[in-house]
Amino acid sequence: MSNVVVVDNGGGLIKAGIGGERDPACVVPNCTARPSSSKKWLLADQLLSPSEDLTSATLRRPFDRGHLINPDLQSSLWAHLFTNLLKINPATSSLLLTEPLFTLPSIQRAVDEIIFEDFNFRALFVADSPSLVHLYEASRRPYGLVSKAQCSLVVDCGFSFTHAAPVLQNFTLNYGVKRLDLGGKALTNYLKELVSYRSVNVMDESFIMDDVKEKLCFVSLDVQRDLKIARRPGKNNYFRCSYVLPDGITHMKGFVKDLDETKRYLALDENEAPSSPEGRKDYVEQQDSSDNPQHKRSTDLTNTEFSLTNERFLVPEMIFRPADLGMNQAGLAECIVRAVNSCHPHLHPVLYESIILTGGTTLFPRFAQRLEKELRPLVPNQYEVKIATQEDPILGVWRGGSLLASSPDFESLCVTKAEYEELGSTRCHRRFFH
């Protein structure tokens with residue numbers, strides 16, 4: 001059997017490898033960038049080099065708001081991927097490619113043209129993320145509810161957007177999918193604005209602020225309490241921590257100044273704050289009154305470092321409360337309830353019991369706990385709510401694709417180059433039920 005190349009083509013990262021493997025051969029940014037000190041554009045894996053200084057780099061992405069807007073750029077990134085990283089021959093390989101839900105027909109045609117006419121792949125299978133996540137989770141737990149009921153609700157919090165998608169018998173129920181126009185990119189942009197307003201102008205620092213977001217942000221379980229704690233001076237502020245910017249001489253990448261400092265907030269939920277509202281109020285007031293100005297942490301106000309306090313939890317808060325930022329969108333919990341209510345009532349109890357979180361944005365600490373806390377009051381009492389996070393939310397979709405690509409009947413599901421040339425793109429896509 002010929003090789004099957006599996007490509008999870010996300011807006012932020014491309015995950016690519018050979019079908020049947022557990023992990024992809026490469027996980028690289030789906031973009032190209034030009035450092036301010038150079039005239040050369042760097043592609044994909046070249047951006048991950050520790051020696052590259054990407055401060056104020058000019059960035060170009062093939063995806064914008066979840067749609068492929070620059071097929072030529074995507075084609076050049078794939079060419080680099082297939083030739084230099086995977087080292088495969090497309091003419092003797094099949095391709096399993098993920099595409100976003102509700103991709104426009106014009107974009108589908110452009111992608112098919114690149115795959116069959118530019119790269120000459122012998123066959124193509126196009127899949128959507130939720131069905132692959134469901135397939136992987138069902139195979140991982142053959143005796144679990146997802147496998148037995150063949151039904152789940154996949155919450156995919158990606159780079160460009162968030163989808164709550166019901167899946168039945170390995171097919172995504174398109175009529176039940178609800179989309180939230182918020183993803184990792186919007187969160188990074190919000191963090192840029194907050195830091196630029198309060199300390200250092202970082203509006204051009206996409207790579208650095210992505211790193212800050214991934215290392216320092218977390219989901220708050222009690223926003224009102226945490227906002228009060230974030231106002232405290234000195235060592236009683238459990239959220240304050242510093243991030244050091246690259247200087248281009250001694251270090252090319254930014255880093256967290258004190259890793260232990262970033263985890264101090266965890267003590268709040270373990271043993272610190274009383275659970276009742278009255279006790280919590282007394283506790284916060286007592287802590288505020290005990291603060292001493294001499295405990296204030298000195299922060300270097302030059303451009304080499306900046307400190308974060310409430311930004312650490314206000315940024316992920318966007319996913320749960322987009323209306324607080326003036327966005328006319330429902331929060332994630334309401335999005336899930338609407339997706340479930342769009343399906344047949346017989347599916348409701350199973351969907352609420354088999355919520356699967358995937359996508360890089362779900363990696364924020366305590367994301368699942370907060371979602372369950374928000375969801376429980378909205379769900380009828382007779383239904384259980386169970387939320388499972390994938391073991392690796394970034395690679396979950398690719399692993400599902402790898403599993404599908406290694407199945408014996410995969411070749412029969414594909415559209416071949418001959419069929420594409422005879423029937424055209426639109427007719428071929430009907431095979432995928434999109």
# chains A, B, ... in the order shown; residues from 1 in each chain; ligands from 1

$ residues_around --residues "Gly331 of chain A" --least-positions-apart "4" --cutoff "12 Å" --atoms "only C-alpha atoms" --output "PyMOL selection string"
chain A and resi 162-164+178-182+316-325+327+335-338+371+374-375+378

$ atom_distance --atom1 "atom CA of Ser307 of chain A" --atom2 "atom CA of Val256 of chain A"
9.9 Å

$ select_by_dssp --residues "segment 139-172 of chain A" --states "helix (DSSP H, G or I)" --output "JSON, numbers by chain"
{"A": [139, 140, 145, 146, 147, 148, 149]}

$ write_last_selection --atoms "C-alpha atoms" --output "CSV table (one decimal), in the first residue's frame"
chain,number,residue,atom,x,y,z
A,139,SER,CA,-10.7,4.1,19.7
A,140,ARG,CA,-8.8,5.1,22.8
A,145,LEU,CA,-19.6,6.1,26.4
A,146,VAL,CA,-18.2,7.8,23.2
A,147,SER,CA,-17.4,4.4,21.7
A,148,LYS,CA,-20.6,2.6,22.8
A,149,ALA,CA,-23.1,5.4,21.9

$ residues_around --residues "Ile355 of chain A" --least-positions-apart "4" --cutoff "9 Å" --atoms "only C-alpha atoms" --output "ChimeraX atom specification"
/A:152-155,350-351,385-389

$ select_by_dssp --residues "segment 140-314 of chain A" --states "strand (DSSP E or B)" --output "count of residues only"
29

$ residues_around --residues "Asn174 of chain A" --least-positions-apart "4" --cutoff "12 Å" --atoms "only C-alpha atoms" --output "count of residues only"
21

$ residues_around --residues "Phe116 of chain A" --least-positions-apart "4" --cutoff "10 Å" --atoms "only C-alpha atoms" --output "PyMOL selection string"
chain A and resi 90-91+111-112+120-124+416-418+420-421

$ closest_residue --among "A:Leu86, A:Leu81, A:Ala57, A:Ile229" --to "Asn3 of chain A" --atoms "only C-alpha atoms"
A:Leu86
